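Structure file coords25.pdb (PDB, C-alpha atoms, pLDDT in the B column) follows.
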ATOM      1  CA  MET A  24     118.759   4.446  28.336  1.00 52.00           C
ATOM      2  CA  ASP A  25     117.430   0.903  28.803  1.00 51.00           C
ATOM      3  CA  LYS A  26     113.959   0.469  27.229  1.00 57.00           C
ATOM      4  CA  LYS A  27     112.941  -1.730  30.175  1.00 61.00           C
ATOM      5  CA  ASN A  28     114.002   0.995  32.599  1.00 60.00           C
ATOM      6  CA  PRO A  29     113.075   4.480  31.362  1.00 79.00           C
ATOM      7  CA  ARG A  30     115.214   6.208  33.972  1.00 89.00           C
ATOM      8  CA  PRO A  31     118.688   7.394  32.848  1.00 95.00           C
ATOM      9  CA  ARG A  32     121.551   5.422  34.376  1.00 96.00           C
ATOM     10  CA  LEU A  33     124.217   7.216  36.438  1.00 96.00           C
ATOM     11  CA  ALA A  34     127.668   5.879  37.303  1.00 97.00           C
ATOM     12  CA  VAL A  35     130.222   7.472  39.651  1.00 97.00           C
ATOM     13  CA  TRP A  36     133.889   6.482  39.316  1.00 97.00           C
ATOM     14  CA  LYS A  37     136.978   7.013  41.469  1.00 97.00           C
ATOM     15  CA  PHE A  38     140.563   7.281  40.319  1.00 97.00           C
ATOM     16  CA  ALA A  39     143.536   8.841  42.218  1.00 95.00           C
ATOM     17  CA  SER A  40     141.820  11.184  44.680  1.00 94.00           C
ATOM     18  CA  CYS A  41     140.703  11.701  48.276  1.00 92.00           C
ATOM     19  CA  ASP A  42     136.979  10.897  47.648  1.00 91.00           C
ATOM     20  CA  GLY A  43     135.949  14.437  48.656  1.00 92.00           C
ATOM     21  CA  CYS A  44     134.061  15.140  45.431  1.00 93.00           C
ATOM     22  CA  GLN A  45     132.084  11.903  45.675  1.00 93.00           C
ATOM     23  CA  LEU A  46     131.203  12.884  49.235  1.00 92.00           C
ATOM     24  CA  SER A  47     129.872  16.182  47.864  1.00 91.00           C
ATOM     25  CA  LEU A  48     127.279  14.141  45.983  1.00 90.00           C
ATOM     26  CA  LEU A  49     126.361  12.222  49.146  1.00 89.00           C
ATOM     27  CA  ASP A  50     126.151  15.546  51.017  1.00 89.00           C
ATOM     28  CA  CYS A  51     123.239  16.517  48.761  1.00 85.00           C
ATOM     29  CA  GLU A  52     121.057  14.562  51.271  1.00 80.00           C
ATOM     30  CA  ASP A  53     117.405  15.487  50.522  1.00 82.00           C
ATOM     31  CA  GLU A  54     118.244  16.429  46.946  1.00 86.00           C
ATOM     32  CA  LEU A  55     119.914  13.035  46.513  1.00 80.00           C
ATOM     33  CA  LEU A  56     116.587  11.330  47.244  1.00 80.00           C
ATOM     34  CA  LEU A  57     114.927  13.362  44.503  1.00 83.00           C
ATOM     35  CA  LEU A  58     117.835  12.547  42.203  1.00 82.00           C
ATOM     36  CA  ALA A  59     117.390   8.829  42.884  1.00 79.00           C
ATOM     37  CA  ASP A  60     113.752   9.154  41.773  1.00 85.00           C
ATOM     38  CA  ALA A  61     114.801  10.798  38.510  1.00 88.00           C
ATOM     39  CA  LEU A  62     117.556   8.371  37.556  1.00 91.00           C
ATOM     40  CA  GLU A  63     119.014   4.977  38.377  1.00 93.00           C
ATOM     41  CA  ILE A  64     122.261   5.164  40.353  1.00 91.00           C
ATOM     42  CA  ALA A  65     123.687   2.096  38.667  1.00 95.00           C
ATOM     43  CA  TYR A  66     127.325   2.244  39.818  1.00 95.00           C
ATOM     44  CA  PHE A  67     128.562   4.156  42.861  1.00 94.00           C
ATOM     45  CA  ALA A  68     130.999   2.117  44.962  1.00 93.00           C
ATOM     46  CA  GLU A  69     131.296   4.887  47.570  1.00 89.00           C
ATOM     47  CA  ALA A  70     127.572   4.610  48.320  1.00 88.00           C
ATOM     48  CA  SER A  71     126.477   1.059  47.504  1.00 86.00           C
ATOM     49  CA  SER A  72     127.803  -2.478  47.086  1.00 88.00           C
ATOM     50  CA  THR A  73     125.302  -3.015  44.256  1.00 85.00           C
ATOM     51  CA  LEU A  74     127.295  -2.295  41.115  1.00 93.00           C
ATOM     52  CA  ALA A  75     125.418  -2.740  37.865  1.00 94.00           C
ATOM     53  CA  GLU A  76     127.161  -3.191  34.535  1.00 94.00           C
ATOM     54  CA  GLY A  77     126.998  -0.584  31.802  1.00 91.00           C
ATOM     55  CA  PRO A  78     126.232   1.075  29.528  1.00 97.00           C
ATOM     56  CA  TYR A  79     125.536   4.293  31.422  1.00 97.00           C
ATOM     57  CA  ASP A  80     123.841   7.496  30.327  1.00 97.00           C
ATOM     58  CA  LEU A  81     126.063   9.720  32.509  1.00 97.00           C
ATOM     59  CA  SER A  82     129.347   8.990  34.257  1.00 98.00           C
ATOM     60  CA  LEU A  83     130.816  11.277  36.904  1.00 97.00           C
ATOM     61  CA  VAL A  84     134.559  10.742  37.258  1.00 98.00           C
ATOM     62  CA  GLU A  85     136.628  11.815  40.261  1.00 98.00           C
ATOM     63  CA  GLY A  86     140.422  11.554  40.391  1.00 97.00           C
ATOM     64  CA  SER A  87     143.460  11.749  38.146  1.00 98.00           C
ATOM     65  CA  ILE A  88     145.285   9.121  36.110  1.00 98.00           C
ATOM     66  CA  THR A  89     148.483   7.991  37.839  1.00 96.00           C
ATOM     67  CA  THR A  90     148.902   4.336  36.754  1.00 96.00           C
ATOM     68  CA  ALA A  91     148.870   2.422  33.488  1.00 96.00           C
ATOM     69  CA  HIS A  92     145.975   0.342  34.829  1.00 96.00           C
ATOM     70  CA  ASP A  93     143.872   3.443  35.425  1.00 97.00           C
ATOM     71  CA  ALA A  94     144.736   4.765  31.970  1.00 97.00           C
ATOM     72  CA  GLU A  95     143.176   1.636  30.512  1.00 97.00           C
ATOM     73  CA  ARG A  96     140.258   1.688  32.966  1.00 98.00           C
ATOM     74  CA  ILE A  97     139.229   5.250  32.043  1.00 98.00           C
ATOM     75  CA  ARG A  98     139.109   4.245  28.373  1.00 98.00           C
ATOM     76  CA  GLU A  99     136.688   1.466  29.301  1.00 98.00           C
ATOM     77  CA  VAL A 100     134.573   3.905  31.350  1.00 98.00           C
ATOM     78  CA  ARG A 101     134.459   6.212  28.333  1.00 98.00           C
ATOM     79  CA  ARG A 102     133.325   3.353  26.081  1.00 98.00           C
ATOM     80  CA  GLN A 103     130.463   2.543  28.457  1.00 98.00           C
ATOM     81  CA  SER A 104     129.298   6.150  28.957  1.00 98.00           C
ATOM     82  CA  LYS A 105     127.076   8.267  26.732  1.00 97.00           C
ATOM     83  CA  PHE A 106     128.249  11.374  28.581  1.00 97.00           C
ATOM     84  CA  LEU A 107     131.321  11.679  30.799  1.00 98.00           C
ATOM     85  CA  VAL A 108     131.752  14.555  33.262  1.00 98.00           C
ATOM     86  CA  THR A 109     134.885  15.055  35.327  1.00 98.00           C
ATOM     87  CA  ILE A 110     134.427  16.415  38.848  1.00 98.00           C
ATOM     88  CA  GLY A 111     137.037  18.110  41.026  1.00 97.00           C
ATOM     89  CA  ALA A 112     140.601  19.358  40.756  1.00 97.00           C
ATOM     90  CA  CYS A 113     142.123  15.884  40.462  1.00 97.00           C
ATOM     91  CA  ALA A 114     139.971  14.916  37.483  1.00 98.00           C
ATOM     92  CA  THR A 115     140.140  18.312  35.764  1.00 97.00           C
ATOM     93  CA  ALA A 116     143.749  19.340  36.486  1.00 97.00           C
ATOM     94  CA  GLY A 117     145.677  16.375  37.918  1.00 96.00           C
ATOM     95  CA  GLY A 118     145.144  17.391  41.549  1.00 96.00           C
ATOM     96  CA  ILE A 119     147.682  17.980  44.297  1.00 94.00           C
ATOM     97  CA  GLN A 120     149.391  14.748  43.193  1.00 94.00           C
ATOM     98  CA  ALA A 121     150.346  16.494  39.932  1.00 96.00           C
ATOM     99  CA  LEU A 122     153.163  18.140  41.877  1.00 94.00           C
ATOM    100  CA  ARG A 123     155.080  14.987  40.956  1.00 94.00           C
ATOM    101  CA  ASN A 124     155.066  16.263  37.369  1.00 96.00           C
ATOM    102  CA  PHE A 125     157.611  18.949  38.256  1.00 94.00           C
ATOM    103  CA  ALA A 126     160.201  16.419  39.486  1.00 92.00           C
ATOM    104  CA  ASP A 127     161.449  12.871  38.969  1.00 93.00           C
ATOM    105  CA  VAL A 128     158.863  10.494  40.431  1.00 92.00           C
ATOM    106  CA  ASN A 129     161.588   7.927  41.111  1.00 92.00           C
ATOM    107  CA  ASP A 130     163.135  10.293  43.638  1.00 91.00           C
ATOM    108  CA  TYR A 131     159.826  10.355  45.526  1.00 89.00           C
ATOM    109  CA  LEU A 132     159.506   6.580  45.390  1.00 91.00           C
ATOM    110  CA  ALA A 133     162.985   6.127  46.840  1.00 91.00           C
ATOM    111  CA  VAL A 134     162.176   8.396  49.790  1.00 91.00           C
ATOM    112  CA  VAL A 135     158.655   7.170  50.571  1.00 90.00           C
ATOM    113  CA  TYR A 136     158.808   3.397  49.979  1.00 91.00           C
ATOM    114  CA  ALA A 137     161.184   0.858  51.511  1.00 92.00           C
ATOM    115  CA  SER A 138     160.928  -1.288  48.343  1.00 92.00           C
ATOM    116  CA  PRO A 139     160.157   1.090  45.462  1.00 90.00           C
ATOM    117  CA  GLN A 140     160.733  -1.676  42.892  1.00 90.00           C
ATOM    118  CA  TYR A 141     157.282  -3.033  43.735  1.00 91.00           C
ATOM    119  CA  ILE A 142     155.514   0.224  42.941  1.00 90.00           C
ATOM    120  CA  GLU A 143     153.925   0.569  39.519  1.00 92.00           C
ATOM    121  CA  THR A 144     153.104   4.164  38.670  1.00 94.00           C
ATOM    122  CA  LEU A 145     153.262   6.663  35.852  1.00 95.00           C
ATOM    123  CA  ALA A 146     155.756   9.509  35.926  1.00 94.00           C
ATOM    124  CA  THR A 147     152.880  12.000  35.894  1.00 96.00           C
ATOM    125  CA  SER A 148     149.437  12.636  37.353  1.00 96.00           C
ATOM    126  CA  THR A 149     147.193  13.905  34.589  1.00 97.00           C
ATOM    127  CA  PRO A 150     143.542  14.961  34.193  1.00 98.00           C
ATOM    128  CA  ILE A 151     140.980  12.654  32.644  1.00 98.00           C
ATOM    129  CA  ALA A 152     140.768  14.854  29.520  1.00 98.00           C
ATOM    130  CA  ALA A 153     144.389  13.988  28.729  1.00 97.00           C
ATOM    131  CA  HIS A 154     143.268  10.396  28.086  1.00 98.00           C
ATOM    132  CA  VAL A 155     139.670  10.417  26.803  1.00 98.00           C
ATOM    133  CA  PRO A 156     137.131  12.919  25.445  1.00 98.00           C
ATOM    134  CA  VAL A 157     135.242  14.687  28.243  1.00 98.00           C
ATOM    135  CA  ASP A 158     131.793  16.264  27.848  1.00 97.00           C
ATOM    136  CA  PHE A 159     132.079  18.721  30.743  1.00 97.00           C
ATOM    137  CA  GLU A 160     134.534  19.618  33.526  1.00 97.00           C
ATOM    138  CA  LEU A 161     133.266  20.685  36.954  1.00 97.00           C
ATOM    139  CA  ARG A 162     136.047  22.323  38.958  1.00 96.00           C
ATOM    140  CA  GLY A 163     136.664  22.595  42.679  1.00 96.00           C
ATOM    141  CA  CYS A 164     138.522  21.012  45.578  1.00 95.00           C
ATOM    142  CA  PRO A 165     136.034  19.782  46.517  1.00 94.00           C
ATOM    143  CA  ILE A 166     133.258  20.590  44.080  1.00 96.00           C
ATOM    144  CA  ASN A 167     130.214  22.679  44.981  1.00 94.00           C
ATOM    145  CA  LYS A 168     127.246  20.327  45.482  1.00 93.00           C
ATOM    146  CA  VAL A 169     124.781  22.877  44.072  1.00 93.00           C
ATOM    147  CA  GLN A 170     126.867  23.111  40.909  1.00 95.00           C
ATOM    148  CA  LEU A 171     127.011  19.302  40.759  1.00 95.00           C
ATOM    149  CA  LEU A 172     123.222  19.049  40.917  1.00 94.00           C
ATOM    150  CA  GLU A 173     123.000  21.641  38.131  1.00 95.00           C
ATOM    151  CA  VAL A 174     125.371  19.603  35.960  1.00 96.00           C
ATOM    152  CA  ILE A 175     123.413  16.372  36.493  1.00 94.00           C
ATOM    153  CA  SER A 176     120.091  18.140  35.875  1.00 92.00           C
ATOM    154  CA  ALA A 177     121.437  19.733  32.713  1.00 95.00           C
ATOM    155  CA  PHE A 178     122.534  16.440  31.202  1.00 92.00           C
ATOM    156  CA  LEU A 179     119.228  14.824  32.142  1.00 88.00           C
ATOM    157  CA  ALA A 180     117.447  17.686  30.360  1.00 90.00           C
ATOM    158  CA  GLY A 181     119.762  17.653  27.352  1.00 92.00           C
ATOM    159  CA  ARG A 182     121.145  21.164  27.835  1.00 94.00           C
ATOM    160  CA  ARG A 183     124.474  22.795  28.654  1.00 93.00           C
ATOM    161  CA  PRO A 184     125.151  23.226  32.402  1.00 95.00           C
ATOM    162  CA  ALA A 185     124.719  26.808  33.627  1.00 95.00           C
ATOM    163  CA  ILE A 186     127.983  27.015  35.559  1.00 95.00           C
ATOM    164  CA  PRO A 187     129.529  30.505  35.895  1.00 90.00           C
ATOM    165  CA  THR A 188     132.918  31.135  34.319  1.00 91.00           C
ATOM    166  CA  TYR A 189     133.714  34.378  36.139  1.00 95.00           C
ATOM    167  CA  SER A 190     136.161  34.796  39.024  1.00 96.00           C
ATOM    168  CA  VAL A 191     135.863  34.639  42.804  1.00 97.00           C
ATOM    169  CA  CYS A 192     135.991  38.462  42.803  1.00 97.00           C
ATOM    170  CA  ILE A 193     132.371  38.512  41.579  1.00 96.00           C
ATOM    171  CA  GLU A 194     131.364  36.337  44.523  1.00 97.00           C
ATOM    172  CA  CYS A 195     133.194  38.705  46.871  1.00 96.00           C
ATOM    173  CA  LYS A 196     131.275  41.674  45.468  1.00 95.00           C
ATOM    174  CA  ARG A 197     127.979  39.840  45.899  1.00 94.00           C
ATOM    175  CA  ARG A 198     128.806  39.109  49.538  1.00 93.00           C
ATOM    176  CA  GLY A 199     129.901  42.674  50.157  1.00 94.00           C
ATOM    177  CA  ASN A 200     133.425  41.603  51.093  1.00 94.00           C
ATOM    178  CA  LEU A 201     136.137  44.206  51.376  1.00 93.00           C
ATOM    179  CA  CYS A 202     138.881  43.177  48.938  1.00 95.00           C
ATOM    180  CA  VAL A 203     141.652  41.473  50.909  1.00 96.00           C
ATOM    181  CA  MET A 204     144.269  42.609  48.393  1.00 95.00           C
ATOM    182  CA  VAL A 205     143.348  46.210  49.180  1.00 94.00           C
ATOM    183  CA  GLN A 206     144.193  45.280  52.771  1.00 93.00           C
ATOM    184  CA  GLY A 207     147.595  43.917  51.701  1.00 94.00           C
ATOM    185  CA  THR A 208     146.783  40.174  51.574  1.00 96.00           C
ATOM    186  CA  PRO A 209     147.817  38.257  48.427  1.00 97.00           C
ATOM    187  CA  CYS A 210     144.794  36.557  46.852  1.00 97.00           C
ATOM    188  CA  LEU A 211     144.248  34.286  43.837  1.00 98.00           C
ATOM    189  CA  GLY A 212     140.593  35.310  43.616  1.00 97.00           C
ATOM    190  CA  PRO A 213     141.002  37.520  40.499  1.00 97.00           C
ATOM    191  CA  VAL A 214     142.120  34.515  38.412  1.00 98.00           C
ATOM    192  CA  THR A 215     140.220  31.683  40.141  1.00 98.00           C
ATOM    193  CA  HIS A 216     136.987  30.103  38.935  1.00 96.00           C
ATOM    194  CA  ALA A 217     133.949  30.952  41.070  1.00 95.00           C
ATOM    195  CA  GLY A 218     132.102  28.282  43.027  1.00 94.00           C
ATOM    196  CA  CYS A 219     133.175  28.470  46.662  1.00 93.00           C
ATOM    197  CA  GLY A 220     131.104  31.529  47.531  1.00 94.00           C
ATOM    198  CA  ALA A 221     134.298  33.480  48.328  1.00 95.00           C
ATOM    199  CA  LEU A 222     134.804  31.350  51.423  1.00 94.00           C
ATOM    200  CA  CYS A 223     138.378  32.374  52.280  1.00 96.00           C
ATOM    201  CA  PRO A 224     138.096  36.091  51.397  1.00 95.00           C
ATOM    202  CA  GLY A 225     134.914  36.101  53.476  1.00 93.00           C
ATOM    203  CA  CYS A 226     137.151  35.142  56.412  1.00 93.00           C
ATOM    204  CA  ARG A 227     139.642  37.874  55.424  1.00 93.00           C
ATOM    205  CA  ARG A 228     142.088  35.348  53.967  1.00 95.00           C
ATOM    206  CA  GLY A 229     143.399  35.240  50.423  1.00 96.00           C
ATOM    207  CA  CYS A 230     141.882  32.779  47.941  1.00 97.00           C
ATOM    208  CA  TYR A 231     143.951  29.602  47.493  1.00 95.00           C
ATOM    209  CA  GLY A 232     142.714  28.835  43.972  1.00 96.00           C
ATOM    210  CA  CYS A 233     140.797  25.664  44.891  1.00 96.00           C
ATOM    211  CA  TYR A 234     138.528  25.973  41.838  1.00 97.00           C
ATOM    212  CA  GLY A 235     141.338  26.389  39.340  1.00 96.00           C
ATOM    213  CA  PRO A 236     141.762  29.085  36.700  1.00 97.00           C
ATOM    214  CA  MET A 237     138.739  31.044  35.558  1.00 95.00           C
ATOM    215  CA  GLU A 238     138.012  31.620  31.894  1.00 92.00           C
ATOM    216  CA  THR A 239     140.860  33.691  30.325  1.00 93.00           C
ATOM    217  CA  PRO A 240     142.724  34.479  33.604  1.00 96.00           C
ATOM    218  CA  ASP A 241     145.327  37.244  33.540  1.00 97.00           C
ATOM    219  CA  THR A 242     147.759  35.448  35.831  1.00 97.00           C
ATOM    220  CA  ALA A 243     150.741  37.562  34.725  1.00 97.00           C
ATOM    221  CA  MET A 244     149.044  40.784  35.810  1.00 97.00           C
ATOM    222  CA  LEU A 245     148.111  39.277  39.170  1.00 98.00           C
ATOM    223  CA  ALA A 246     151.676  38.036  39.692  1.00 97.00           C
ATOM    224  CA  ARG A 247     153.014  41.530  38.980  1.00 96.00           C
ATOM    225  CA  GLN A 248     150.625  42.927  41.574  1.00 96.00           C
ATOM    226  CA  TRP A 249     151.806  40.340  44.099  1.00 97.00           C
ATOM    227  CA  SER A 250     155.418  41.300  43.366  1.00 96.00           C
ATOM    228  CA  ALA A 251     154.568  44.962  43.975  1.00 96.00           C
ATOM    229  CA  MET A 252     153.141  43.869  47.334  1.00 95.00           C
ATOM    230  CA  GLY A 253     156.500  42.321  48.217  1.00 95.00           C
ATOM    231  CA  VAL A 254     155.703  38.641  47.582  1.00 96.00           C
ATOM    232  CA  ALA A 255     158.841  36.668  46.675  1.00 96.00           C
ATOM    233  CA  PRO A 256     159.007  34.752  43.351  1.00 96.00           C
ATOM    234  CA  ARG A 257     159.245  31.456  45.268  1.00 96.00           C
ATOM    235  CA  ASP A 258     155.996  32.187  47.088  1.00 96.00           C
ATOM    236  CA  ILE A 259     154.236  33.198  43.860  1.00 97.00           C
ATOM    237  CA  ARG A 260     155.278  29.899  42.319  1.00 96.00           C
ATOM    238  CA  ARG A 261     154.059  27.939  45.336  1.00 96.00           C
ATOM    239  CA  ALA A 262     150.697  29.747  45.293  1.00 97.00           C
ATOM    240  CA  PHE A 263     150.025  28.673  41.708  1.00 97.00           C
ATOM    241  CA  HIS A 264     151.368  25.149  42.218  1.00 96.00           C
ATOM    242  CA  THR A 265     148.844  23.672  44.657  1.00 95.00           C
ATOM    243  CA  PHE A 266     145.472  21.975  44.043  1.00 93.00           C
ATOM    244  CA  ASN A 267     145.399  22.876  40.343  1.00 97.00           C
ATOM    245  CA  ALA A 268     149.121  22.939  39.672  1.00 95.00           C
ATOM    246  CA  TRP A 269     148.841  21.195  36.285  1.00 96.00           C
ATOM    247  CA  ALA A 270     146.058  23.433  34.930  1.00 97.00           C
ATOM    248  CA  PRO A 271     147.873  25.190  32.040  1.00 97.00           C
ATOM    249  CA  ALA A 272     147.336  28.797  33.206  1.00 97.00           C
ATOM    250  CA  PHE A 273     148.488  28.084  36.772  1.00 97.00           C
ATOM    251  CA  ARG A 274     151.303  25.769  35.694  1.00 97.00           C
ATOM    252  CA  GLU A 275     152.776  28.280  33.266  1.00 96.00           C
ATOM    253  CA  GLU A 276     152.572  31.207  35.680  1.00 97.00           C
ATOM    254  CA  GLY A 277     154.165  29.178  38.449  1.00 96.00           C
ATOM    255  CA  GLU A 278     157.000  28.083  36.189  1.00 96.00           C
ATOM    256  CA  ALA A 279     157.574  31.715  35.188  1.00 95.00           C
ATOM    257  CA  HIS A 280     158.693  32.406  38.763  1.00 92.00           C
ATOM    258  CA  ASP A 281     161.314  29.697  39.259  1.00 78.00           C
ATOM    259  CA  ASP A 282     164.215  30.807  41.414  1.00 65.00           C
TER     260      ASP A 282
END
Take the structure in the file and give it back as C-alpha cells.
Amino acid sequence: MDKKNPRPRLAVWKFASCDGCQLSLLDCEDELLLLADALEIAYFAEASSTLAEGPYDLSLVEGSITTAHDAERIREVRRQSKFLVTIGACATAGGIQALRNFADVNDYLAVVYASPQYIETLATSTPIAAHVPVDFELRGCPINKVQLLEVISAFLAGRRPAIPTYSVCIECKRRGNLCVMVQGTPCLGPVTHAGCGALCPGCRRGCYGCYGPMETPDTAMLARQWSAMGVAPRDIRRAFHTFNAWAPAFREEGEAHDD
C-alpha cells in the first residue's frame, strides 16, 4: 500500500480468455462503486485507459498461459503483486483452450491458419498456478460476482475467503430441485464445485461442470453411475473434457474412458 494513498491498489489482468470473468466484476454495478471507494483500481484495461504502474496489493488474473510471452508476463505480474488471485476456469484449469493439450497443437495450426509458420504458441494451455504461486483460486465459467466480491473483501480484510467447497448438489437441495439424475438425466453436479446456484439442474438439465471439480470429488463413482444409465464411454469422456478439462480430477476421469 502506498503511504501517500492509504487505499489498497487493485489490478485486473487478462491472458488467454473470453473476458467473461472480467465482465463479472463490471456486472457488480452498484457494488463496484462501493468497491472503488474502498480501494484504488490501478490497472484494469477492460474498464479504463488509465493504467497505473505497480506494485499492487491485489491482482485478479483471468485467462490461461498459451504463449511464451504470456509465461514471462505472468511472472512480472506476480513480482508486482502482494496477493495474486486467479479467476475463472481458464486461469484455474486452462480453460476450454486446454483441449489442445490432448492432441498435437501443430495439427490444429495447420487446419486453422493459412500460414501457421507465423504463429507463436505453446503446445499447451495451462493454469496460472502452473507458472507462479497463487494465493487463491476462484472457479467458474464465468465466475459468480458475489463470490468475487467476497474474495476481494476477504483480502482487503486480511482473512481467508469464505467460498464453499461443496458440490452443486447442495445448491439443488437448497432450491428444492428434484434430482435430474433420478429422472434419468446425466449430471456432473455431484462432483462439481458450487457457485452457479444450480442453474442448469434448476432448468431440469444436467450440470455441465462449469465450476470445475469440487473438493475431493468421487468422479469414478459418478462415471460408474452414468455407465449404468447407458451413457457411452465417449460421452463420459467428453463431459469431463470441457471448460475444466485440464483440472486433474476431470482430466484423469476423462482419460479413463478413452475409446
Within 12 Å of (150.8, 38.7, 45.5) (coordinates as in the file), grab all the protein and nucleic acid residues, counting only C-alpha atoms, and write them out as JSON, numbers by chain.
{"A": [203, 204, 205, 206, 207, 208, 209, 210, 211, 212, 213, 214, 229, 230, 231, 242, 243, 244, 245, 246, 247, 248, 249, 250, 251, 252, 253, 254, 255, 256, 257, 258, 259, 260, 261, 262, 263]}
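In this comparison, which uses only C-alpha atoms, the residue of A:Phe159, A:Arg182, A:Ile175, A:Leu122 approaching Gly277 in chain A most closely is A:Leu122.
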Please indicate the distance in Å from CA of Asp93 in chain A to CA of Phe38 in chain A, rounded to one decimal place.
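So the two atoms, CA of Asp93 in chain A and CA of Phe38 in chain A, lie 7.0 Å apart.
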In Å to one decimal, how far is CA of Tyr189 in chain A from CA of Leu171 in chain A?
17.1 Å
Expansion of the PyMOL selection byres ((chain A and resi 43) around 10) into residues, as a ChimeraX atom specification
/A:40-42,44-49,85-86,111,164-166
For CA of Asn129 in chain A and CA of Thr149 in chain A, the interatomic separation in Å (one decimal):
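Spanning CA of Asn129 in chain A to CA of Thr149 in chain A is a straight-line distance of 16.9 Å.
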Exercise: range 236-241 of chain A partners within 12 Å, all atoms listed in the file, chain neighbours under 2 positions left out, as an NGL selection string
:A and (112 or 115-116 or 161-163 or 186-193 or 211-218 or 230-234 or 243-248 or 263-276)
With only C-alpha atoms as the counted atoms, please give the residues lying no more than 12 Å from Glu143 in chain A, apart from itself and same-chain residues fewer than 5 positions off, as a list in words.
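Answer for this query is Thr89, Thr90, Ala91, His92, Asp93, Val128, Asn129, Leu132, Tyr136 and Ser138 of chain A.
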Here is a test: counting only C-alpha atoms, which residue of A:Phe106, A:Phe125, A:Trp36, A:Tyr79 is nearest to Asp281 in chain A?
A:Phe125
If the PyMOL selection byres ((chain A and resi 158) around 9) is run on the structure shown, which residues does it catch, given as a short mmCIF file (atom, residue, chain, number, x, y, z; two decimals) with C-alpha atoms, in the frame of the given file?
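What landed in selection.cif:
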data_model
loop_
_atom_site.label_atom_id
_atom_site.label_comp_id
_atom_site.auth_asym_id
_atom_site.auth_seq_id
_atom_site.Cartn_x
_atom_site.Cartn_y
_atom_site.Cartn_z
CA PHE A 106 128.25 11.37 28.58
CA LEU A 107 131.32 11.68 30.80
CA VAL A 108 131.75 14.56 33.26
CA THR A 109 134.88 15.06 35.33
CA PRO A 156 137.13 12.92 25.44
CA VAL A 157 135.24 14.69 28.24
CA PHE A 159 132.08 18.72 30.74
CA GLU A 160 134.53 19.62 33.53
#
Generate the coordinates of all heavy atoms for range 216-221 of chain A; report them as a JSON list (two decimals), in the frame of the given file.
[["chain", "number", "residue", "atom", "x", "y", "z"],
["A", 216, "HIS", "N", 138.36, 30.42, 39.30],
["A", 216, "HIS", "CA", 136.99, 30.10, 38.94],
["A", 216, "HIS", "C", 136.07, 30.20, 40.15],
["A", 216, "HIS", "O", 136.40, 29.72, 41.23],
["A", 216, "HIS", "CB", 136.96, 28.67, 38.38],
["A", 216, "HIS", "CG", 135.75, 28.32, 37.59],
["A", 216, "HIS", "ND1", 134.51, 28.16, 38.16],
["A", 216, "HIS", "CD2", 135.59, 28.08, 36.27],
["A", 216, "HIS", "CE1", 133.64, 27.82, 37.22],
["A", 216, "HIS", "NE2", 134.27, 27.77, 36.06],
["A", 217, "ALA", "N", 134.91, 30.83, 39.98],
["A", 217, "ALA", "CA", 133.95, 30.95, 41.07],
["A", 217, "ALA", "C", 133.33, 29.60, 41.41],
["A", 217, "ALA", "O", 133.35, 28.67, 40.62],
["A", 217, "ALA", "CB", 132.84, 31.93, 40.67],
["A", 218, "GLY", "N", 132.77, 29.51, 42.62],
["A", 218, "GLY", "CA", 132.10, 28.28, 43.03],
["A", 218, "GLY", "C", 132.10, 28.06, 44.53],
["A", 218, "GLY", "O", 131.24, 27.37, 45.06],
["A", 219, "CYS", "N", 133.05, 28.67, 45.22],
["A", 219, "CYS", "CA", 133.18, 28.47, 46.66],
["A", 219, "CYS", "C", 132.35, 29.46, 47.47],
["A", 219, "CYS", "O", 132.22, 29.33, 48.69],
["A", 219, "CYS", "CB", 134.63, 28.56, 47.08],
["A", 219, "CYS", "SG", 135.34, 30.21, 46.83],
["A", 220, "GLY", "N", 131.81, 30.49, 46.79],
["A", 220, "GLY", "CA", 131.10, 31.53, 47.53],
["A", 220, "GLY", "C", 132.03, 32.49, 48.23],
["A", 220, "GLY", "O", 131.66, 33.14, 49.20],
["A", 221, "ALA", "N", 133.28, 32.59, 47.73],
["A", 221, "ALA", "CA", 134.30, 33.48, 48.33],
["A", 221, "ALA", "C", 134.52, 33.13, 49.79],
["A", 221, "ALA", "O", 134.58, 34.00, 50.66],
["A", 221, "ALA", "CB", 133.91, 34.94, 48.16]]
